[in-house]
Each structure stands twice: as C-alpha cells, then as structure tokens.
>>> print(open('structure-v4.cif').read())   # mmCIF, C-alpha atoms
data_upload
loop_
_atom_site.label_atom_id
_atom_site.label_comp_id
_atom_site.auth_asym_id
_atom_site.auth_seq_id
_atom_site.Cartn_x
_atom_site.Cartn_y
_atom_site.Cartn_z
CA MET S 1 -16.15 -30.51 -99.77
CA ALA S 2 -19.06 -28.10 -99.36
CA TRP S 3 -22.49 -29.40 -98.51
CA ASN S 4 -23.94 -28.22 -101.83
CA GLN S 5 -21.24 -29.83 -104.01
CA PRO S 6 -22.65 -32.03 -106.90
CA GLY S 7 -22.59 -35.80 -106.44
CA ASN S 8 -23.83 -38.23 -103.86
CA ASP S 9 -21.71 -36.73 -101.14
CA GLY S 10 -23.28 -33.36 -101.65
CA GLN S 11 -26.73 -34.96 -101.80
CA ASP S 12 -26.18 -36.81 -98.61
CA ARG S 13 -25.15 -33.61 -96.85
CA ASP S 14 -28.16 -31.63 -98.03
CA PRO S 15 -29.36 -29.85 -94.93
CA TRP S 16 -32.85 -29.37 -96.26
CA GLY S 17 -33.33 -33.09 -96.88
CA SER S 18 -34.51 -32.80 -100.47
CA GLY S 19 -33.79 -36.49 -101.11
CA ASN S 20 -32.69 -35.95 -104.72
CA LYS S 21 -30.71 -39.01 -105.78
CA GLY S 22 -29.88 -37.94 -109.26
CA GLY S 23 -26.48 -37.30 -110.76
CA ASN S 24 -24.43 -34.22 -110.46
CA SER S 25 -26.54 -32.31 -112.91
CA GLY S 26 -29.69 -33.56 -111.23
CA GLY S 27 -28.40 -32.46 -107.87
CA ASN S 28 -27.66 -29.04 -109.12
CA LYS S 29 -31.05 -28.80 -110.78
CA GLY S 30 -32.74 -29.67 -107.41
CA GLY S 31 -32.50 -26.03 -106.31
CA ARG S 32 -29.43 -26.30 -104.08
CA LYS S 33 -27.76 -22.97 -103.53
CA ARG S 34 -24.12 -22.55 -104.17
CA GLY S 35 -21.55 -20.23 -102.52
CA ALA S 36 -22.44 -21.09 -98.88
CA SER S 37 -20.41 -19.47 -96.15
CA ASP S 38 -17.35 -21.13 -94.66
CA LEU S 39 -19.11 -20.81 -91.31
CA ASP S 40 -20.94 -24.05 -92.06
CA ASP S 41 -17.68 -25.93 -92.37
CA LEU S 42 -16.49 -24.41 -89.12
CA PHE S 43 -19.64 -25.59 -87.32
CA ARG S 44 -19.24 -29.12 -88.67
CA LYS S 45 -15.60 -29.33 -87.61
CA LEU S 46 -16.38 -27.96 -84.19
CA SER S 47 -19.26 -30.43 -83.83
CA SER S 48 -17.04 -33.35 -84.69
CA LYS S 49 -14.44 -32.24 -82.13
CA LEU S 50 -17.09 -31.94 -79.46
CA GLY S 51 -18.01 -35.64 -79.91
CA GLY S 52 -20.21 -35.71 -82.97
CA LYS S 53 -20.25 -38.85 -85.17
CA LYS S 54 -18.96 -38.91 -88.71
CA GLY S 55 -21.50 -39.64 -91.30
CA GLY S 56 -25.10 -40.68 -90.68
CA ASP S 57 -27.16 -38.49 -88.29
CA GLY S 58 -24.03 -36.75 -86.82
CA ASP S 59 -23.43 -34.99 -90.08
CA ASN S 60 -27.03 -33.75 -90.25
CA LYS S 61 -26.91 -31.51 -87.07
CA GLN S 62 -28.12 -28.07 -87.72
CA PRO S 63 -25.88 -25.04 -87.11
CA SER S 64 -28.43 -23.53 -84.72
CA GLN S 65 -28.09 -26.42 -82.26
CA ILE S 66 -24.31 -26.13 -82.27
CA SER S 67 -24.53 -22.40 -81.71
CA GLY S 68 -26.86 -22.95 -78.75
CA ARG S 69 -24.39 -25.30 -77.09
CA LEU S 70 -21.53 -22.87 -77.57
CA GLY S 71 -23.65 -20.09 -76.13
CA MET S 72 -24.37 -22.10 -72.99
CA LEU S 73 -20.68 -22.82 -72.51
CA ALA S 74 -19.81 -19.19 -72.96
CA LEU S 75 -22.54 -18.16 -70.53
CA ALA S 76 -21.31 -20.65 -67.92
CA ALA S 77 -17.78 -19.31 -68.27
CA VAL S 78 -19.01 -15.75 -67.81
CA VAL S 79 -20.96 -16.75 -64.70
CA VAL S 80 -17.88 -18.45 -63.19
CA VAL S 81 -15.71 -15.42 -63.87
CA TRP S 82 -18.34 -13.08 -62.47
CA ALA S 83 -18.73 -15.14 -59.29
CA GLY S 84 -14.99 -15.41 -58.79
CA SER S 85 -14.48 -11.68 -59.18
CA GLY S 86 -16.82 -11.00 -56.23
CA PHE S 87 -14.44 -12.23 -53.52
CA TYR S 88 -12.55 -9.54 -51.56
CA THR S 89 -10.74 -9.11 -48.22
CA ILE S 90 -11.22 -6.46 -45.52
CA LYS S 91 -8.24 -5.68 -43.27
CA GLU S 92 -8.37 -6.17 -39.52
CA SER S 93 -8.29 -2.43 -38.88
CA ASP S 94 -10.96 -1.63 -41.49
CA ARG S 95 -14.70 -1.96 -41.87
CA GLY S 96 -16.38 -2.28 -45.28
CA VAL S 97 -19.29 -0.02 -46.19
CA VAL S 98 -21.49 -1.84 -48.77
CA LEU S 99 -23.31 0.15 -51.48
CA ARG S 100 -25.92 -1.72 -53.52
CA PHE S 101 -26.71 0.10 -56.75
CA GLY S 102 -25.21 3.20 -55.10
CA GLU S 103 -27.36 3.03 -51.96
CA TYR S 104 -26.04 2.21 -48.49
CA SER S 105 -26.75 -1.44 -47.67
CA GLY S 106 -24.68 -2.37 -44.60
CA ILE S 107 -21.24 -2.83 -43.02
CA VAL S 108 -19.08 -5.94 -43.27
CA GLY S 109 -16.34 -6.94 -40.86
CA PRO S 110 -12.73 -7.87 -41.52
CA GLY S 111 -11.86 -11.08 -43.36
CA LEU S 112 -12.84 -12.74 -46.65
CA ASN S 113 -16.18 -11.63 -48.06
CA TRP S 114 -18.14 -11.89 -51.32
CA LYS S 115 -20.16 -9.32 -53.24
CA PRO S 116 -22.08 -9.49 -56.53
CA THR S 117 -19.91 -7.69 -59.03
CA PHE S 118 -21.47 -4.67 -60.78
CA ILE S 119 -24.24 -4.74 -58.16
CA ASP S 120 -22.47 -4.08 -54.84
CA ARG S 121 -19.57 -1.77 -54.12
CA VAL S 122 -17.51 -1.95 -50.92
CA ILE S 123 -15.60 1.03 -49.50
CA PRO S 124 -13.08 0.13 -46.72
CA VAL S 125 -12.78 2.62 -43.85
CA ASN S 126 -10.02 2.46 -41.21
CA VAL S 127 -11.57 2.57 -37.72
CA GLU S 128 -8.51 1.91 -35.54
CA THR S 129 -5.93 4.44 -36.69
CA VAL S 130 -5.73 7.60 -34.57
CA ARG S 131 -6.02 10.54 -36.92
CA GLU S 132 -4.96 14.12 -36.32
CA GLN S 133 -6.01 17.57 -37.43
CA ALA S 134 -4.16 20.79 -36.53
CA THR S 135 -4.79 24.50 -36.69
CA ASN S 136 -2.58 27.53 -36.06
CA GLY S 137 -2.60 31.24 -36.68
CA MET S 138 -2.61 34.71 -35.17
CA MET S 139 -5.55 35.19 -32.80
CA LEU S 140 -6.93 38.14 -30.88
CA THR S 141 -7.32 37.90 -27.09
CA SER S 142 -9.86 39.59 -24.86
CA ASP S 143 -7.36 42.31 -23.84
CA GLU S 144 -6.81 43.17 -27.53
CA ASN S 145 -3.43 41.49 -27.86
CA VAL S 146 -2.39 39.27 -30.74
CA ILE S 147 -0.73 35.90 -30.15
CA ARG S 148 0.09 32.91 -32.31
CA VAL S 149 -1.62 29.71 -31.16
CA GLU S 150 -1.04 26.13 -32.32
CA MET S 151 -3.46 23.36 -31.36
CA ASN S 152 -4.26 19.90 -32.71
CA VAL S 153 -6.95 17.30 -32.13
CA GLN S 154 -6.69 13.51 -32.19
CA TYR S 155 -9.73 11.45 -33.19
CA ARG S 156 -10.86 8.04 -34.45
CA VAL S 157 -13.62 6.95 -36.83
CA THR S 158 -16.35 5.09 -34.94
CA ASP S 159 -19.20 5.01 -37.51
CA PRO S 160 -17.95 4.39 -41.07
CA ALA S 161 -21.34 5.04 -42.69
CA GLU S 162 -21.77 8.45 -41.07
CA TYR S 163 -18.14 9.26 -41.78
CA LEU S 164 -18.67 8.67 -45.52
CA PHE S 165 -22.15 10.04 -46.11
CA SER S 166 -23.08 12.57 -43.41
CA VAL S 167 -20.52 15.20 -44.44
CA THR S 168 -18.78 15.69 -47.75
CA ASN S 169 -15.29 15.97 -46.22
CA PRO S 170 -15.37 15.19 -42.48
CA ASP S 171 -11.63 15.71 -41.95
CA ASN S 172 -11.72 19.21 -43.40
CA SER S 173 -14.94 19.99 -41.54
CA LEU S 174 -13.32 18.93 -38.28
CA ARG S 175 -10.33 21.18 -38.95
CA GLN S 176 -12.59 24.16 -39.56
CA ALA S 177 -14.59 23.41 -36.42
CA LEU S 178 -11.35 23.21 -34.43
CA ASP S 179 -10.17 26.55 -35.76
CA SER S 180 -13.50 28.15 -34.88
CA ALA S 181 -13.52 26.70 -31.34
CA VAL S 182 -9.93 27.77 -30.63
CA ARG S 183 -10.52 31.32 -31.83
CA GLY S 184 -13.66 31.59 -29.73
CA VAL S 185 -11.94 30.41 -26.54
CA ILE S 186 -8.82 32.55 -27.11
CA GLY S 187 -11.00 35.57 -27.77
CA GLN S 188 -12.51 35.21 -24.28
CA SER S 189 -9.14 34.86 -22.47
CA ALA S 190 -6.48 37.38 -21.58
CA MET S 191 -3.05 37.15 -23.15
CA GLU S 192 -1.24 36.43 -19.89
CA GLN S 193 -3.64 33.59 -19.09
CA VAL S 194 -3.11 32.01 -22.51
CA LEU S 195 0.66 32.22 -22.23
CA THR S 196 1.10 31.15 -18.60
CA THR S 197 -1.55 30.08 -16.15
CA ASN S 198 -4.73 28.93 -17.95
CA ARG S 199 -3.35 26.65 -20.66
CA ALA S 200 -4.96 23.50 -19.26
CA PHE S 201 -8.27 25.27 -18.73
CA ILE S 202 -8.24 26.61 -22.31
CA ARG S 203 -7.54 23.13 -23.66
CA ASP S 204 -10.48 21.62 -21.76
CA VAL S 205 -12.87 24.37 -22.81
CA THR S 206 -11.75 24.04 -26.44
CA GLN S 207 -12.44 20.30 -26.43
CA LYS S 208 -15.94 20.82 -25.03
CA GLU S 209 -16.69 23.54 -27.60
CA LEU S 210 -15.43 21.34 -30.43
CA GLU S 211 -17.54 18.36 -29.34
CA ALA S 212 -20.63 20.56 -29.13
CA THR S 213 -19.93 21.95 -32.61
CA ILE S 214 -19.53 18.64 -34.46
CA ALA S 215 -22.30 16.75 -32.62
CA PRO S 216 -25.20 17.93 -34.88
CA TYR S 217 -23.33 16.96 -38.07
CA LYS S 218 -22.98 13.27 -37.05
CA MET S 219 -19.55 12.88 -38.62
CA GLY S 220 -19.08 9.39 -37.20
CA ILE S 221 -15.88 10.34 -35.33
CA THR S 222 -14.93 10.43 -31.65
CA LEU S 223 -12.49 12.97 -30.20
CA LEU S 224 -9.68 11.44 -28.17
CA ASP S 225 -7.64 14.45 -27.08
CA VAL S 226 -7.03 18.12 -27.78
CA ASN S 227 -3.42 19.29 -27.39
CA PHE S 228 -2.48 22.91 -26.74
CA GLN S 229 0.92 22.84 -28.40
CA ALA S 230 2.21 26.41 -28.35
CA ALA S 231 1.18 29.99 -27.68
CA ARG S 232 3.69 32.69 -28.53
CA PRO S 233 3.51 36.47 -28.55
CA PRO S 234 4.50 38.45 -31.64
CA GLU S 235 8.20 38.65 -32.34
CA ASP S 236 8.32 42.39 -31.58
CA VAL S 237 7.39 41.89 -27.92
CA LYS S 238 8.68 38.35 -27.42
CA ALA S 239 11.70 39.48 -25.36
CA ALA S 240 9.51 41.37 -22.89
CA PHE S 241 7.17 38.45 -22.47
CA ASP S 242 10.12 36.12 -21.98
CA ASP S 243 11.24 38.34 -19.08
CA VAL S 244 7.76 38.21 -17.59
CA ILE S 245 7.65 34.44 -17.84
CA ALA S 246 11.14 34.15 -16.31
CA ALA S 247 10.12 36.39 -13.39
CA ARG S 248 7.00 34.34 -12.83
CA GLU S 249 8.99 31.13 -12.84
CA GLU S 250 11.45 32.64 -10.36
CA GLU S 251 8.53 33.63 -8.15
CA GLN S 252 7.15 30.12 -8.22
CA LYS S 253 10.62 28.72 -7.48
CA THR S 254 10.99 31.02 -4.45
CA ILE S 255 7.56 30.04 -3.19
CA ARG S 256 8.40 26.37 -3.51
CA GLU S 257 11.69 26.86 -1.65
CA ALA S 258 9.87 28.74 1.13
CA HIS S 259 7.35 25.94 1.45
CA ALA S 260 10.16 23.40 1.58
CA TYR S 261 11.95 25.37 4.32
CA ARG S 262 8.72 25.70 6.25
CA ASN S 263 8.09 21.98 5.99
CA GLU S 264 11.60 21.36 7.25
CA VAL S 265 11.69 23.85 10.15
CA LEU S 266 8.13 23.65 11.41
CA PRO S 267 8.19 19.96 12.39
CA MET S 268 11.55 20.47 14.12
CA ALA S 269 10.23 23.46 16.06
CA LYS S 270 7.13 21.54 17.06
CA GLY S 271 9.33 18.66 18.18
CA ASN S 272 11.56 20.94 20.27
CA ALA S 273 8.52 22.60 21.83
CA GLN S 274 7.05 19.25 22.71
CA LYS S 275 10.40 18.17 24.13
CA LEU S 276 10.59 21.27 26.36
CA ILE S 277 7.03 20.74 27.51
CA GLU S 278 7.75 17.13 28.41
CA GLU S 279 11.00 18.10 30.20
CA ALA S 280 9.15 20.77 32.17
CA GLU S 281 6.46 18.30 33.09
CA ALA S 282 9.12 15.81 34.18
CA TYR S 283 10.95 18.47 36.22
CA LYS S 284 7.70 19.54 37.79
CA ALA S 285 6.89 15.97 38.71
CA SER S 286 10.38 15.37 40.11
CA VAL S 287 10.29 18.54 42.23
CA VAL S 288 6.85 17.72 43.51
CA PHE S 289 7.83 14.15 44.32
CA LYS S 290 11.05 15.32 45.97
CA ALA S 291 9.20 17.87 48.05
CA GLU S 292 6.64 15.29 49.03
CA GLY S 293 9.50 12.92 49.95
CA GLU S 294 11.18 15.57 52.10
CA VAL S 295 7.87 16.39 53.78
CA ALA S 296 7.36 12.72 54.50
CA SER S 297 10.95 12.48 55.81
CA PHE S 298 10.52 15.48 58.11
CA ALA S 299 7.17 14.14 59.21
CA LYS S 300 8.88 10.92 60.26
CA MET S 301 11.71 12.87 61.95
CA LEU S 302 9.37 15.12 63.91
CA PRO S 303 8.72 12.67 66.77
CA GLU S 304 12.49 12.14 67.18
CA TYR S 305 13.09 15.88 67.20
CA ARG S 306 10.49 16.39 69.83
CA ALA S 307 12.08 13.67 71.92
CA ALA S 308 15.73 14.89 71.56
CA PRO S 309 16.00 18.27 69.84
CA GLU S 310 19.73 18.82 70.37
CA ILE S 311 20.80 15.44 69.12
CA THR S 312 18.52 15.71 66.14
CA ARG S 313 19.83 19.17 65.22
CA GLU S 314 23.42 17.94 65.52
CA ARG S 315 22.74 15.01 63.26
CA LEU S 316 21.01 17.18 60.71
CA TYR S 317 23.90 19.62 60.75
CA ILE S 318 26.47 16.89 60.26
CA ASP S 319 24.53 15.35 57.37
CA THR S 320 24.10 18.73 55.73
CA MET S 321 27.79 19.65 56.05
CA GLU S 322 28.76 16.27 54.72
CA ARG S 323 26.70 16.87 51.61
CA VAL S 324 27.93 20.45 51.18
CA LEU S 325 31.64 19.85 51.82
CA SER S 326 31.89 16.63 49.89
CA ASN S 327 32.44 18.51 46.60
CA THR S 328 34.48 21.53 47.86
CA ARG S 329 38.18 22.12 48.55
CA LYS S 330 39.12 21.90 52.26
CA ILE S 331 41.49 24.24 54.07
CA ILE S 332 42.16 23.50 57.73
CA ALA S 333 43.52 26.39 59.83
CA ASN S 334 44.87 26.34 63.38
CA ASP S 335 44.16 29.29 65.64
CA LYS S 336 47.37 28.70 67.64
CA SER S 337 49.69 28.79 64.69
CA ASN S 338 50.20 30.89 61.64
CA SER S 339 50.51 27.86 59.43
CA MET S 340 47.58 26.43 57.38
CA LEU S 341 47.36 22.85 56.33
CA VAL S 342 45.85 22.35 52.86
CA LEU S 343 44.51 18.87 52.36
CA PRO S 344 43.73 18.08 48.66
CA LEU S 345 41.09 15.58 49.57
CA ASP S 346 39.65 15.60 46.07
CA GLN S 347 43.03 14.67 44.65
CA LEU S 348 43.53 12.10 47.35
CA MET S 349 40.18 10.52 46.49
CA ARG S 350 41.13 10.37 42.82
CA GLY S 351 44.64 9.25 43.66
CA SER S 352 43.36 6.24 45.51
CA ASP S 353 42.02 4.97 42.17
CA ASN S 354 45.08 6.03 40.14
CA SER S 355 48.19 4.43 41.67
CA ALA S 356 50.42 5.74 38.90
CA ALA S 357 50.06 9.40 40.01
CA PRO S 358 53.21 10.90 41.62
CA LYS S 359 53.08 11.01 45.38
CA SER S 360 54.44 14.53 45.54
CA SER S 361 51.30 15.90 43.95
CA LEU S 362 49.14 14.18 46.54
CA ALA S 363 51.11 15.26 49.56
CA PRO S 364 49.54 17.88 51.87
CA LYS S 365 51.03 21.36 51.79
CA VAL S 366 51.75 23.71 54.68
CA MET S 367 51.36 27.41 53.93
CA ASN S 368 52.88 30.19 56.04
CA PRO S 369 50.93 33.41 55.80
CA ASN S 370 53.88 35.52 56.95
CA THR S 371 56.33 34.27 54.37
CA ASN S 372 53.70 33.40 51.72
CA SER S 373 55.52 30.17 51.04
CA SER S 374 54.48 26.58 51.03
CA SER S 375 56.18 23.29 51.39
CA SER S 376 55.09 19.78 50.70
CA TYR S 377 55.46 16.91 53.13
CA GLY S 378 58.01 14.46 52.01
CA SER S 379 59.38 16.72 49.25
CA ALA S 380 60.84 19.77 51.11
CA PRO S 381 64.03 19.29 53.16
CA ALA S 382 62.62 21.21 56.14
CA GLN S 383 59.55 19.60 57.59
CA PRO S 384 57.20 21.38 59.97
CA SER S 385 57.24 20.49 63.62
CA SER S 386 55.05 17.81 64.97
CA GLY S 387 53.21 20.34 67.04
CA VAL S 388 52.23 22.29 64.05
CA ARG S 389 51.00 19.19 62.29
CA GLY S 390 49.14 18.05 65.36
CA ASP S 391 47.53 21.41 65.78
CA ALA S 392 46.55 21.56 62.14
CA VAL S 393 44.50 18.41 62.33
CA ARG S 394 41.06 19.12 63.59
CA VAL S 395 38.79 16.31 64.55
CA GLY S 396 35.18 16.80 65.29
CA ARG S 397 33.51 20.05 66.02
CA GLN S 398 34.59 22.38 68.84
#
>>> encode(input="structure-v4.cif", output="structure tokens")
Amino acid sequence: MAWNQPGNDGQDRDPWGSGNKGGNSGGNKGGRKRGASDLDDLFRKLSSKLGGKKGGDGDNKQPSQISGRLGMLALAAVVVVWAGSGFYTIKESDRGVVLRFGEYSGIVGPGLNWKPTFIDRVIPVNVETVREQATNGMMLTSDENVIRVEMNVQYRVTDPAEYLFSVTNPDNSLRQALDSAVRGVIGQSAMEQVLTTNRAFIRDVTQKELEATIAPYKMGITLLDVNFQAARPPEDVKAAFDDVIAAREEEQKTIREAHAYRNEVLPMAKGNAQKLIEEAEAYKASVVFKAEGEVASFAKMLPEYRAAPEITRERLYIDTMERVLSNTRKIIANDKSNSMLVLPLDQLMRGSDNSAAPKSSLAPKVMNPNTNSSSSYGSAPAQPSSGVRGDAVRVGRQ
C-alpha cells in the first residue's frame, strides 16, 4: 500500500509528519499528494532487507538516508576493484618503466608490483635477450669495384628509459647507423682486402665506427659483437675471383708446408752438426791423450834405451811386428826348397773355439810353385817329406 493511501495506515506512513488523524476523506483533504513513484516502495523494501525494523521509527526513514548508504557501499566496491586492478607482474628478464600521467617516473624490478590504475602506466622492456640487426647490399670499394657485403650486429638493452624515450625507433636507428658505418669502412678499403686479408680488421673498425655513431643519441643499448658474414663479388666476375682466392689459399698452403719441413729438417741438421762437433772434440781429445801417453811411454823407455840400445830396439821390433802381423795372413817360405807352407793361423784361432769345424779346412797346405798345386796335410795321399816340413817351419828371426 502506498504511503499516501487513505486510512490510518496511510496516515501513519506520512513522510511529512502532518499528524492528521482523520478518516480517509480527512486524510486526503490534508494535502497529501497522490501518484508517488514506485521508487519509494523500492527504498522501503531495500531498507527492511538491510536490517530496518517494521513499523514504528523504521518505517519513517527518509529515502535520502538510504540512498547515502547505498552510495557508500558502491563507492567502497569501486575502491576495492580499483585497488585490486593495480597489481601486476614483471618477468625476470624484463624491467618496468613507470609513467605517471604520461611522464617518466622510475623503473621497477621483476616480481609482483602495484600501481594506481588510471594514474600510472608500466611498460615492460626486455633487458636480457640478445637482439640482432643486419644490413646487406652492393657497396663501392676504394678501387672502384662493387661487392655485396652482409654484416650484422648483436646488442642488448641496458637502459630501458633511454631505449624508450631517447629515440623514436632505436632498433631501426641502429640498423641505419650500421649500414652507414659499413659503407664508410668498405669505401676506404680495396676489394681484395675486403674479400681476403682484412676481414677481421674491417669488422673491428666497423664496430668502433658504429659505437661512435650511436653514442650521442643515448639509445640505451650496448653493442656485443659485429659479425662480418659475407663479402662476394658480382656474379659476372665471381669465377675469376674464385680462382684468385684458390691461388692465394694454395700459396698459403705451400708456405705452411715449407715452414713445417723447415721445422722438421733444421733441428735434425743442428743435431747432426752438434754430434759431429762432439765426435771431433772426442777424437781430438783421444789423439792428444794417446800422443801424450806415447810420449810418456817413450820418456820412460829412454833410460833403458840408453843403457841397452840393441836389446831395446829388438824388443820394440818384436812388439811392433806382433801388433802388425796379428791380423794378417801368414805365408812361411823356405829358401832351400821350392815349397811354401801356408799356415791359416786366423782359421786355426777361430777353429780352436769352434770344435765342430772340419779338420781338413784347418790343415796347413803345402804349395809347389813349379807345379802350381797344393796339398793338405792329412787329406792328400802323398805327404811332403819331413825335411820339407822341417825347413818350412821358421822359429825366431835369422
């Protein structure tokens, strides 16, 4: 029933508190307005559900108070949602650049963080990934030749704020700087140097030029390496340059082989030379020592020679002949006979150690110069006479 309905109930629910206690017609004549909005009923129902009392003072709450409570609840809910929406996470490899009302405020590290929504904005920037930019194209050398060069650069972001705000597009700017540095270095080098010998030098110079170019822009990046990937001549002359490169490689191969041979032969030659020098020194020392020994021996023998010259000369002669004839073949001849007795003393000396040798080979032979024949003792049927044998044996010196 509406609050302005006639009767006591409607009078009791009069929000203006007119206090009219008349009948239905009296209540209507009290100036109560009809046709109120259904919003009043909605407020009363909502108030009763929120803990309001039925009847009495609970039914006399004004709609403005109920609306204020609902507004506070709605505001609290909005605040909770706003606070919860401010939590975010930064990856381990990233750093967060904080913008407060569009202006740079600071950098946050990885992990769970909070920001005031609609006030701060966080842009994550990867600072651990190695990035790469490449350039290639036809370039003119100092000797007016055209070659195709490919080169790339590897870098990492070290300052996220400078990386985002110093340059509009730092990656593209770095690529353009790389292309400019490469063309400048190639333009100062000859074609043969670019293709063969000076590749490492060109790479180092390009890296220095690139670092000097990007330093004033403060891009927030650090160069890690510059790679000289390929340098090729135009297709029309590629075959000729391939022959040149092959010849140069063959030259280097021959030089390396020559150095290897030198390293192998030279130490051996030095070793042989040192060996000969040491052998000569040893021979020299042995000859000198031997001569000094002989001098000392003759010096000791001199008093004996002065005392008995003949006996000393005889002894020296015998010793000398013993040394000379000890390694020679002996032939004993008899002046009274035409027969010669050949004594194989060397074989006899060896035969004394080898008992298995046949005796016929060790037997002395008698040679007759007239008949040019020989016979062996013990093997030939005819043996020489005893006189011949006795004459053939010579003892001592006559």
>>> residues_near_point(input="structure-v4.cif", point="(3.2, 32.2, -29.4)", cutoff="8 Å", atoms="only C-alpha atoms", output="PyMOL selection string")
chain S and resi 147-150+195+230-234
>>> atom_distance(input="structure-v4.cif", atom1="CA of Gly109 in chain S", atom2="CA of Arg95 in chain S")
5.3 Å
>>> residues_around(input="structure-v4.cif", residues="Gln207 in chain S", least_positions_apart="3", cutoff="8 Å", atoms="only C-alpha atoms", output="ChimeraX atom specification")
/S:203-204,210-211,225-226
>>> write_last_selection(input="structure-v4.cif", atoms="C-alpha atoms", output="PDB file, in the coordinates of the input")
ATOM      1  CA  ARG S 203      -7.540  23.130 -23.660  1.00  0.00           C
ATOM      2  CA  ASP S 204     -10.480  21.620 -21.760  1.00  0.00           C
ATOM      3  CA  LEU S 210     -15.430  21.340 -30.430  1.00  0.00           C
ATOM      4  CA  GLU S 211     -17.540  18.360 -29.340  1.00  0.00           C
ATOM      5  CA  ASP S 225      -7.640  14.450 -27.080  1.00  0.00           C
ATOM      6  CA  VAL S 226      -7.030  18.120 -27.780  1.00  0.00           C
TER       7      VAL S 226
END
>>> residues_around(input="structure-v4.cif", residues="Thr196 in chain S", least_positions_apart="4", cutoff="10 Å", atoms="all atoms listed in the file", output="list of chain:residue names")
S:Met191, S:Glu192, S:Ala200, S:Ala231, S:Val244, S:Ile245, S:Arg248, S:Glu249
>>> atom_distance(input="structure-v4.cif", atom1="CA of Arg156 in chain S", atom2="CA of Lys91 in chain S")
16.5 Å
>>> resolve_selection(input="structure-v4.cif", expression="the PyMOL selection byres ((chain S and resi 126) around 6)", output="NGL selection string")
:S and (93-94 or 125 or 127-128)
>>> write_last_selection(input="structure-v4.cif", atoms="C-alpha atoms", output="PDB file, in the coordinates of the input")
ATOM      1  CA  SER S  93      -8.290  -2.430 -38.880  1.00  0.00           C
ATOM      2  CA  ASP S  94     -10.960  -1.630 -41.490  1.00  0.00           C
ATOM      3  CA  VAL S 125     -12.780   2.620 -43.850  1.00  0.00           C
ATOM      4  CA  VAL S 127     -11.570   2.570 -37.720  1.00  0.00           C
ATOM      5  CA  GLU S 128      -8.510   1.910 -35.540  1.00  0.00           C
TER       6      GLU S 128
END
>>> resolve_selection(input="structure-v4.cif", expression="the PyMOL selection byres ((chain S and resi 185) around 12)", output="PDB file with C-alpha atoms, in the frame of the given file")
ATOM      1  CA  MET S 139      -5.550  35.190 -32.800  1.00  0.00           C
ATOM      2  CA  LEU S 140      -6.930  38.140 -30.880  1.00  0.00           C
ATOM      3  CA  THR S 141      -7.320  37.900 -27.090  1.00  0.00           C
ATOM      4  CA  SER S 142      -9.860  39.590 -24.860  1.00  0.00           C
ATOM      5  CA  VAL S 149      -1.620  29.710 -31.160  1.00  0.00           C
ATOM      6  CA  LEU S 178     -11.350  23.210 -34.430  1.00  0.00           C
ATOM      7  CA  ASP S 179     -10.170  26.550 -35.760  1.00  0.00           C
ATOM      8  CA  SER S 180     -13.500  28.150 -34.880  1.00  0.00           C
ATOM      9  CA  ALA S 181     -13.520  26.700 -31.340  1.00  0.00           C
ATOM     10  CA  VAL S 182      -9.930  27.770 -30.630  1.00  0.00           C
ATOM     11  CA  ARG S 183     -10.520  31.320 -31.830  1.00  0.00           C
ATOM     12  CA  GLY S 184     -13.660  31.590 -29.730  1.00  0.00           C
ATOM     13  CA  ILE S 186      -8.820  32.550 -27.110  1.00  0.00           C
ATOM     14  CA  GLY S 187     -11.000  35.570 -27.770  1.00  0.00           C
ATOM     15  CA  GLN S 188     -12.510  35.210 -24.280  1.00  0.00           C
ATOM     16  CA  SER S 189      -9.140  34.860 -22.470  1.00  0.00           C
ATOM     17  CA  ALA S 190      -6.480  37.380 -21.580  1.00  0.00           C
ATOM     18  CA  MET S 191      -3.050  37.150 -23.150  1.00  0.00           C
ATOM     19  CA  GLN S 193      -3.640  33.590 -19.090  1.00  0.00           C
ATOM     20  CA  VAL S 194      -3.110  32.010 -22.510  1.00  0.00           C
ATOM     21  CA  ASN S 198      -4.730  28.930 -17.950  1.00  0.00           C
ATOM     22  CA  ARG S 199      -3.350  26.650 -20.660  1.00  0.00           C
ATOM     23  CA  PHE S 201      -8.270  25.270 -18.730  1.00  0.00           C
ATOM     24  CA  ILE S 202      -8.240  26.610 -22.310  1.00  0.00           C
ATOM     25  CA  ARG S 203      -7.540  23.130 -23.660  1.00  0.00           C
ATOM     26  CA  ASP S 204     -10.480  21.620 -21.760  1.00  0.00           C
ATOM     27  CA  VAL S 205     -12.870  24.370 -22.810  1.00  0.00           C
ATOM     28  CA  THR S 206     -11.750  24.040 -26.440  1.00  0.00           C
ATOM     29  CA  GLN S 207     -12.440  20.300 -26.430  1.00  0.00           C
ATOM     30  CA  LYS S 208     -15.940  20.820 -25.030  1.00  0.00           C
ATOM     31  CA  GLU S 209     -16.690  23.540 -27.600  1.00  0.00           C
ATOM     32  CA  LEU S 210     -15.430  21.340 -30.430  1.00  0.00           C
TER      33      LEU S 210
END
>>> residues_around(input="structure-v4.cif", residues="Val122 in chain S", least_positions_apart="5", cutoff="6 Å", atoms="all atoms listed in the file", output="list in words")
Gly96, Val97 and Val98 of chain S
>>> atom_distance(input="structure-v4.cif", atom1="CA of Phe289 in chain S", atom2="CA of Ala273 in chain S")
24.0 Å
>>> residues_around(input="structure-v4.cif", residues="Met151 in chain S", least_positions_apart="4", cutoff="7 Å", atoms="all atoms listed in the file", output="CSV table (one decimal) with C-alpha atoms, in the coordinates of the input")
chain,number,residue,atom,x,y,z
S,134,ALA,CA,-4.2,20.8,-36.5
S,135,THR,CA,-4.8,24.5,-36.7
S,136,ASN,CA,-2.6,27.5,-36.1
S,227,ASN,CA,-3.4,19.3,-27.4
S,228,PHE,CA,-2.5,22.9,-26.7
S,229,GLN,CA,0.9,22.8,-28.4
>>> closest_residue(input="structure-v4.cif", among="S:Val237, S:Ala161, S:Ala246, S:Ala308", to="Val146 in chain S", atoms="all atoms listed in the file")
S:Val237
>>> resolve_selection(input="structure-v4.cif", expression="the PyMOL selection byres ((chain S and resi 132) around 8)", output="list in words")
Val130, Arg131, Gln133, Ala134, Asn152, Val153, Gln154 and Tyr155 of chain S
>>> axis_aligned_box(input="structure-v4.cif", around="range 123-127 of chain S", padding_each_side="4 Å", output="lines of an AutoDock Vina configuration file")
center_x = -12.8
center_y = 1.4
center_z = -43.6
size_x = 13.6
size_y = 10.5
size_z = 19.8
>>> decode(input="structure-v4.cif", residues="range 290-304 of chain S", atoms="C-alpha atoms", output="CSV table (one decimal), in the first residue's frame")
chain,number,residue,atom,x,y,z
S,290,LYS,CA,147.2,-41.1,-26.9
S,291,ALA,CA,150.1,-39.0,-28.1
S,292,GLU,CA,150.8,-37.8,-24.6
S,293,GLY,CA,150.7,-41.4,-23.4
S,294,GLU,CA,153.1,-42.5,-26.1
S,295,VAL,CA,155.4,-39.6,-25.2
S,296,ALA,CA,155.3,-40.6,-21.6
S,297,SER,CA,156.0,-44.2,-22.6
S,298,PHE,CA,159.0,-43.3,-24.7
S,299,ALA,CA,160.2,-40.9,-22.0
S,300,LYS,CA,160.1,-43.9,-19.6
S,301,MET,CA,161.8,-46.1,-22.1
S,302,LEU,CA,164.6,-43.6,-22.9
S,303,PRO,CA,166.8,-44.5,-19.9
S,304,GLU,CA,166.6,-48.2,-20.9
